[in-house]
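Structure, as structure tokens:
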Amino acid sequence: MLNSVRVRLTLWYTAALTCVLIVLAIATYVILRQNAMRRTDSTLSELAESFLTTVNAELADESGSITLRKAAQEAISEHNFRDFAFSIFDTEGRTIIPFQNLPSPKDSENDSPDVFRKLINGSSQPARPFRNVQLGGNKYRGYARRFSVPDGNYFLVVLQSLHRQEEFLDSVIQTFALVIPLAVLLASVGGYFLARRSLSPVVAMSTQAGRIGEANLHDRLSVQNKEDELGHLAHSFNDLLDRLDQSFERQRRFVADASHELRTPIAILCGEAEVALSQQARSPEDYRESLDILRAEANRLKHIVEDLFTLARADAGQYSLTTTEFYLDELAADCSHSVRTLALARQITLHCEAPKEMPIRADEALLRRLIMNLLDNAIKYTARGGSVSIVCGYGDSQYTLRISDTGQGIPTELQPRIFERFFRADKVRSRSESDGGGAGLGLSIGRWIAEAHHGRLELTHSGPKGSTFTVVLPIPSKTDQPAR
Ligand code: ADP
């Protein structure tokens, strides 16, 4: 049961509410009690004042012929309120006028009991003239005040029964004892339904999410309110599904494209081998021709598999760069030298330009692969008699390699797609014109190589008069540069 968020929320809510209500009830009770006590104290002191005024008036009226006892009786009958009692003690603590209608304290009748003595003693201290008194099981609030009459000094003690206050405070406790459990019960039931209601979209979402699988990855969670937290959650989940869907789609396309690319050379290999084997008498030239075809297709197959392997490792983040220190300008010249025979065969002028030394720390084999790929493409897609150039340059923080050709360019609408895997702008042309033909993986691998070196590869220009690809690589800091 505690595994349910609804129940846990309700329990937390109920516990918090109970604590708040209890603290509130205690605070209210303490404040009410203090207020009642303050009111009682002020009533007691006012009453004592009034009582003594009467006593003094009585004594003054009769010009000394009346005793204090009589004057006090007079004042008592004038101030005969319910719940109040007056008494007068002399300075020795002996009772001059006893309390009216009060259960007598256990001490002797004439002597003031211990509680009154304390009260009388406290009357000289401004903070302690009041004291709670327990008489015959009843609670009283007592107030003592010293006064003087012509025949001496006395103490007036006024008591007020706390019965009503106690009753009132008891009723407050009873009310709280009834209201708090009721409020907690109602609030927890309400809280449970509220939690259930608030969490119902989550339950609905989890049911929906549970139904989404590989087969229906296009389905999305329904969003009831885009602005609230659950709306955001559903939105984020749908975004995640979008990304998963795209990734699945890419993966599917990649596998389909890869098998398609592999199928053609394998079919050629099988076909050619079968033809060669089916003919009984074949000249050595025929066999050589067949073997040439087999070798070309096997090479093509090897390149595709190697490229696929590189991309798979790159995707899995398993391709670790083997960095060394070398000069980029030298690598560019070296690559240009490597493709010169190919260019010559197609009567293409090759030109390499490097204005200064370009020390770098990078994976030389990968950068060579990138440059060779770009040069290979440039030569492959340039007509006979054209030219291809590789120009090295540098800025404040980056090196650039610009590989330009005078080929027929890439159609504008296809330019954004040339870095996609297996994409070929002109499939027929790219396969027929080259030995082995490209599988459309070269540029995507090239872009990955540049990015793995914190650089980039982009098509800077392509038109009817040719294309330019630019590789941008960061210049290593001075300390990383190789010594010559
Ligand atoms: P491929 O192995 O087919 O050359 P790439 O990924 O290297 O694969 O290139 C993708 C496509 O981009 C090519 O099929 C081609 O259509 C186009 N392309 C690349 N480089 C050039 C270029 N220099 N001139 C014209 N088209 C190019």
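Chain labels run A, B, ... following the order of the structure tokens; each chain numbers its residues from 1, and ligands are numbered from 1 in the order shown.
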
For this session: Return as JSON, numbers by chain the residues of protein, DNA or RNA that approach ligand 1 to within 8 Å, with only C-alpha atoms and all ligand atoms taken into account.
Result: {"A": [373, 374, 375, 376, 377, 378, 379, 380, 381, 382, 404, 405, 407, 408, 409, 410, 415, 418, 419, 420, 421, 422, 423, 424, 425, 426, 427, 430, 431, 437, 438, 439, 440, 441, 442, 443, 444, 445, 462, 466, 467, 468, 469]}

Exercise. Can you list, as a ChimeraX atom specification, every protein, DNA or RNA residue that comes within 12 Å of Gly395 of chain A when you count only C-alpha atoms, leaving out same-chain residues fewer than 5 positions away?
Worked result: /A:356,358,400-401,472-475

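Residues with any atom within 8 Å of Pro129 of chain A, counting only C-alpha atoms and excluding same-chain neighbours fewer than 4 positions away, are A:Leu119, A:Ile120, A:Gly122, A:Ser123, A:Ser124, A:Gln125, A:Tyr143, A:Ala144, A:Arg145.
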
Please save N, CA and C atoms of the selected residues as a CSV table (one decimal), in the first residue's frame.
```csv
chain,number,residue,atom,x,y,z
A,119,LEU,N,0.8,34.7,49.5
A,119,LEU,CA,0.1,35.7,48.7
A,119,LEU,C,0.4,37.1,49.4
A,120,ILE,N,0.3,37.1,50.7
A,120,ILE,CA,0.5,38.4,51.4
A,120,ILE,C,2.0,38.8,51.3
A,122,GLY,N,3.9,38.0,48.9
A,122,GLY,CA,4.2,38.4,47.5
A,122,GLY,C,3.6,39.8,47.1
A,123,SER,N,2.7,40.3,47.9
A,123,SER,CA,2.0,41.6,47.6
A,123,SER,C,3.0,42.7,47.6
A,124,SER,N,4.1,42.6,48.3
A,124,SER,CA,5.1,43.7,48.3
A,124,SER,C,5.9,43.7,47.0
A,125,GLN,N,5.9,42.6,46.3
A,125,GLN,CA,6.6,42.5,45.0
A,125,GLN,C,5.7,42.8,43.9
A,143,TYR,N,-5.5,37.6,45.1
A,143,TYR,CA,-4.8,38.9,44.9
A,143,TYR,C,-4.7,39.5,46.3
A,144,ALA,N,-3.5,39.9,46.7
A,144,ALA,CA,-3.3,40.5,48.0
A,144,ALA,C,-2.8,41.9,47.9
A,145,ARG,N,-3.4,42.8,48.7
A,145,ARG,CA,-3.0,44.2,48.7
A,145,ARG,C,-2.9,44.8,50.1
```

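Taking atom CA of Ser387 of chain A as the reference point, atom CA of Glu364 of chain A is found at 25.9 Å.
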
For this session: Tell me which protein, DNA and RNA residues are within 10 Å of segment 250-254 of chain A, counting only C-alpha atoms, leaving out same-chain ones fewer than 5 positions away, and put them as a list of chain:residue names.
Result: A:Leu244, A:Asp245, A:Ser259, A:His260, A:Leu308, A:Arg421, A:Phe422

For this session: Compile the contact shell of Arg33 of chain A as an MDAnalysis selection string: residues with an atom at most 10 Å away, counting only C-alpha atoms, same-chain residues fewer than 3 positions apart removed.
Result: chainID A and resid 27:30 36:39 165:166 168:169

Next, write the just-selected residues to a file, as an mmCIF file, in the first residue's frame, keeping N, CA and C atoms as the atom set.
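Contents of selection.cif, as written:
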```cif
data_model
loop_
_atom_site.group_PDB
_atom_site.id
_atom_site.type_symbol
_atom_site.label_atom_id
_atom_site.label_comp_id
_atom_site.auth_asym_id
_atom_site.auth_seq_id
_atom_site.Cartn_x
_atom_site.Cartn_y
_atom_site.Cartn_z
ATOM 1 N N ALA A 27 -1.315 26.410 20.747
ATOM 2 C CA ALA A 27 -1.053 27.856 20.797
ATOM 3 C C ALA A 27 -2.323 28.602 21.180
ATOM 4 N N THR A 28 -3.449 28.215 20.563
ATOM 5 C CA THR A 28 -4.723 28.882 20.853
ATOM 6 C C THR A 28 -5.081 28.723 22.330
ATOM 7 N N TYR A 29 -4.906 27.492 22.836
ATOM 8 C CA TYR A 29 -5.246 27.212 24.229
ATOM 9 C C TYR A 29 -4.395 28.068 25.174
ATOM 10 N N VAL A 30 -3.080 28.114 24.876
ATOM 11 C CA VAL A 30 -2.181 28.885 25.751
ATOM 12 C C VAL A 30 -2.548 30.366 25.723
ATOM 13 N N ALA A 36 -7.335 34.993 29.622
ATOM 14 C CA ALA A 36 -8.322 34.842 30.705
ATOM 15 C C ALA A 36 -7.680 35.216 32.035
ATOM 16 N N MET A 37 -6.448 34.756 32.218
ATOM 17 C CA MET A 37 -5.747 35.033 33.472
ATOM 18 C C MET A 37 -5.491 36.533 33.619
ATOM 19 N N ARG A 38 -5.124 37.167 32.496
ATOM 20 C CA ARG A 38 -4.849 38.614 32.544
ATOM 21 C C ARG A 38 -6.126 39.379 32.907
ATOM 22 N N ARG A 39 -7.217 38.943 32.281
ATOM 23 C CA ARG A 39 -8.500 39.612 32.567
ATOM 24 C C ARG A 39 -8.860 39.432 34.040
ATOM 25 N N GLN A 165 -13.690 29.882 34.193
ATOM 26 C CA GLN A 165 -12.579 29.850 33.223
ATOM 27 C C GLN A 165 -12.178 28.421 32.908
ATOM 28 N N GLU A 166 -12.107 27.624 33.989
ATOM 29 C CA GLU A 166 -11.735 26.227 33.782
ATOM 30 C C GLU A 166 -12.745 25.550 32.871
ATOM 31 N N PHE A 168 -14.614 27.010 30.669
ATOM 32 C CA PHE A 168 -14.450 27.533 29.314
ATOM 33 C C PHE A 168 -13.251 26.861 28.628
ATOM 34 N N LEU A 169 -12.121 26.789 29.369
ATOM 35 C CA LEU A 169 -10.922 26.196 28.770
ATOM 36 C C LEU A 169 -11.113 24.700 28.499
#
```

Problem set entry | All residues 10 Å or closer to His337 of chain A, only C-alpha atoms, same chain fewer than 5 positions away omitted, as a PyMOL selection string | chain A and resi 331-332+342-343+350-352

Please identify every residue of segment 128-152 of chain A that has at least one atom no farther than 10 Å from an atom of segment 84-102 of chain A, counting only C-alpha atoms, and for each give the shortest atom pair and the distance in Å to one decimal, arranged by chain then increasing number, as a Markdown table.
```
| residue | atom | partner | partner_atom | distance |
| --- | --- | --- | --- | --- |
| A:Leu135 | CA | A:Leu102 | CA | 7.8 |
| A:Gly136 | CA | A:Leu102 | CA | 8.3 |
| A:Asn138 | CA | A:Leu102 | CA | 9.6 |
| A:Tyr140 | CA | A:Phe84 | CA | 9.1 |
| A:Arg141 | CA | A:Phe84 | CA | 9.6 |
| A:Gly142 | CA | A:Ala85 | CA | 9.4 |
| A:Tyr143 | CA | A:Phe86 | CA | 9.6 |
| A:Ala144 | CA | A:Ile88 | CA | 9.2 |
| A:Arg145 | CA | A:Ile88 | CA | 9.5 |
| A:Arg146 | CA | A:Thr91 | CA | 8.9 |
| A:Phe147 | CA | A:Ile88 | CA | 9.9 |
| A:Gly152 | CA | A:Asp90 | CA | 8.5 |
```

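One distance worth recording is that between atom CA of Ser477 of chain A and atom CA of Glu330 of chain A, which is 19.2 Å.
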
For this session: Would you list, as JSON, numbers by chain, the residues of segment 274-478 of chain A that end up in alpha helix (DSSP H) under DSSP run on this structure's backbone?
Result: {"A": [274, 275, 276, 277, 278, 284, 285, 286, 287, 288, 289, 290, 291, 292, 293, 294, 295, 296, 297, 298, 299, 300, 301, 302, 303, 304, 305, 306, 307, 308, 309, 310, 311, 312, 313, 314, 315, 328, 329, 330, 331, 332, 333, 334, 335, 336, 337, 338, 340, 341, 342, 343, 344, 345, 364, 365, 366, 367, 368, 369, 370, 371, 372, 373, 374, 375, 376, 377, 378, 379, 380, 427, 428, 429, 430, 431, 432, 442, 443, 444, 445, 446, 447, 448, 449, 450, 451, 452]}

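Backbone DSSP over segment 235-369 of chain A yields strand (DSSP E) at Thr324, Glu325, Phe326, Tyr327, Thr349, Leu350, His351, Cys352, Glu353, Pro359, Ile360, Arg361 and Ala362 of chain A.
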
Selection file, N, CA and C atoms, as a PDB file, in the first residue's frame:
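Output below, filename part-v7.pdb:
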```
ATOM      1  N   THR A 324      49.305  11.735 -33.129  1.00  0.00           N
ATOM      2  CA  THR A 324      50.761  11.948 -33.208  1.00  0.00           C
ATOM      3  C   THR A 324      50.979  13.387 -33.644  1.00  0.00           C
ATOM      4  N   GLU A 325      52.218  13.824 -33.557  1.00  0.00           N
ATOM      5  CA  GLU A 325      52.525  15.187 -34.010  1.00  0.00           C
ATOM      6  C   GLU A 325      53.084  15.122 -35.421  1.00  0.00           C
ATOM      7  N   PHE A 326      52.543  15.931 -36.291  1.00  0.00           N
ATOM      8  CA  PHE A 326      53.026  15.970 -37.685  1.00  0.00           C
ATOM      9  C   PHE A 326      52.646  17.314 -38.287  1.00  0.00           C
ATOM     10  N   TYR A 327      52.954  17.490 -39.565  1.00  0.00           N
ATOM     11  CA  TYR A 327      52.661  18.775 -40.224  1.00  0.00           C
ATOM     12  C   TYR A 327      51.548  18.568 -41.241  1.00  0.00           C
ATOM     13  N   THR A 349      44.589  18.497 -63.984  1.00  0.00           N
ATOM     14  CA  THR A 349      45.737  19.194 -63.389  1.00  0.00           C
ATOM     15  C   THR A 349      45.566  19.207 -61.872  1.00  0.00           C
ATOM     16  N   LEU A 350      46.614  18.853 -61.172  1.00  0.00           N
ATOM     17  CA  LEU A 350      46.560  18.803 -59.708  1.00  0.00           C
ATOM     18  C   LEU A 350      47.463  19.883 -59.142  1.00  0.00           C
ATOM     19  N   HIS A 351      46.963  20.587 -58.125  1.00  0.00           N
ATOM     20  CA  HIS A 351      47.737  21.714 -57.624  1.00  0.00           C
ATOM     21  C   HIS A 351      47.635  21.728 -56.099  1.00  0.00           C
ATOM     22  N   CYS A 352      48.784  21.824 -55.436  1.00  0.00           N
ATOM     23  CA  CYS A 352      48.764  21.854 -53.963  1.00  0.00           C
ATOM     24  C   CYS A 352      49.498  23.099 -53.482  1.00  0.00           C
ATOM     25  N   GLU A 353      48.898  23.815 -52.554  1.00  0.00           N
ATOM     26  CA  GLU A 353      49.481  25.097 -52.126  1.00  0.00           C
ATOM     27  C   GLU A 353      49.476  25.140 -50.583  1.00  0.00           C
ATOM     28  N   PRO A 359      52.036  22.807 -38.026  1.00  0.00           N
ATOM     29  CA  PRO A 359      52.181  21.702 -37.075  1.00  0.00           C
ATOM     30  C   PRO A 359      50.841  21.364 -36.425  1.00  0.00           C
ATOM     31  N   ILE A 360      50.613  20.105 -36.223  1.00  0.00           N
ATOM     32  CA  ILE A 360      49.325  19.682 -35.632  1.00  0.00           C
ATOM     33  C   ILE A 360      49.520  18.388 -34.839  1.00  0.00           C
ATOM     34  N   ARG A 361      48.635  18.177 -33.880  1.00  0.00           N
ATOM     35  CA  ARG A 361      48.628  16.891 -33.159  1.00  0.00           C
ATOM     36  C   ARG A 361      47.267  16.262 -33.434  1.00  0.00           C
ATOM     37  N   ALA A 362      47.274  15.175 -34.207  1.00  0.00           N
ATOM     38  CA  ALA A 362      46.002  14.563 -34.614  1.00  0.00           C
ATOM     39  C   ALA A 362      46.238  13.120 -35.035  1.00  0.00           C
TER      40      ALA A 362
END
```

Problem set entry | Atom-to-atom span, atom CA of Arg417 of chain A and atom CA of Ala314 of chain A, Å | 19.8 Å

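Proximity to Thr207 of chain A was assessed for A:Val184, A:Ala195, A:Asn56, A:Ser222 counting only C-alpha atoms; the smallest distance is recorded for A:Ser222.
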
Problem set entry | Contact residues around Ile180 of chain A with only C-alpha atoms at 12 Å, ignoring same-chain residues under 4 positions, as JSON, numbers by chain | {"A": [14, 17, 18, 19, 20, 21, 22, 23, 24, 25, 26, 172, 173, 174, 175, 176, 184, 185, 186, 187, 188]}
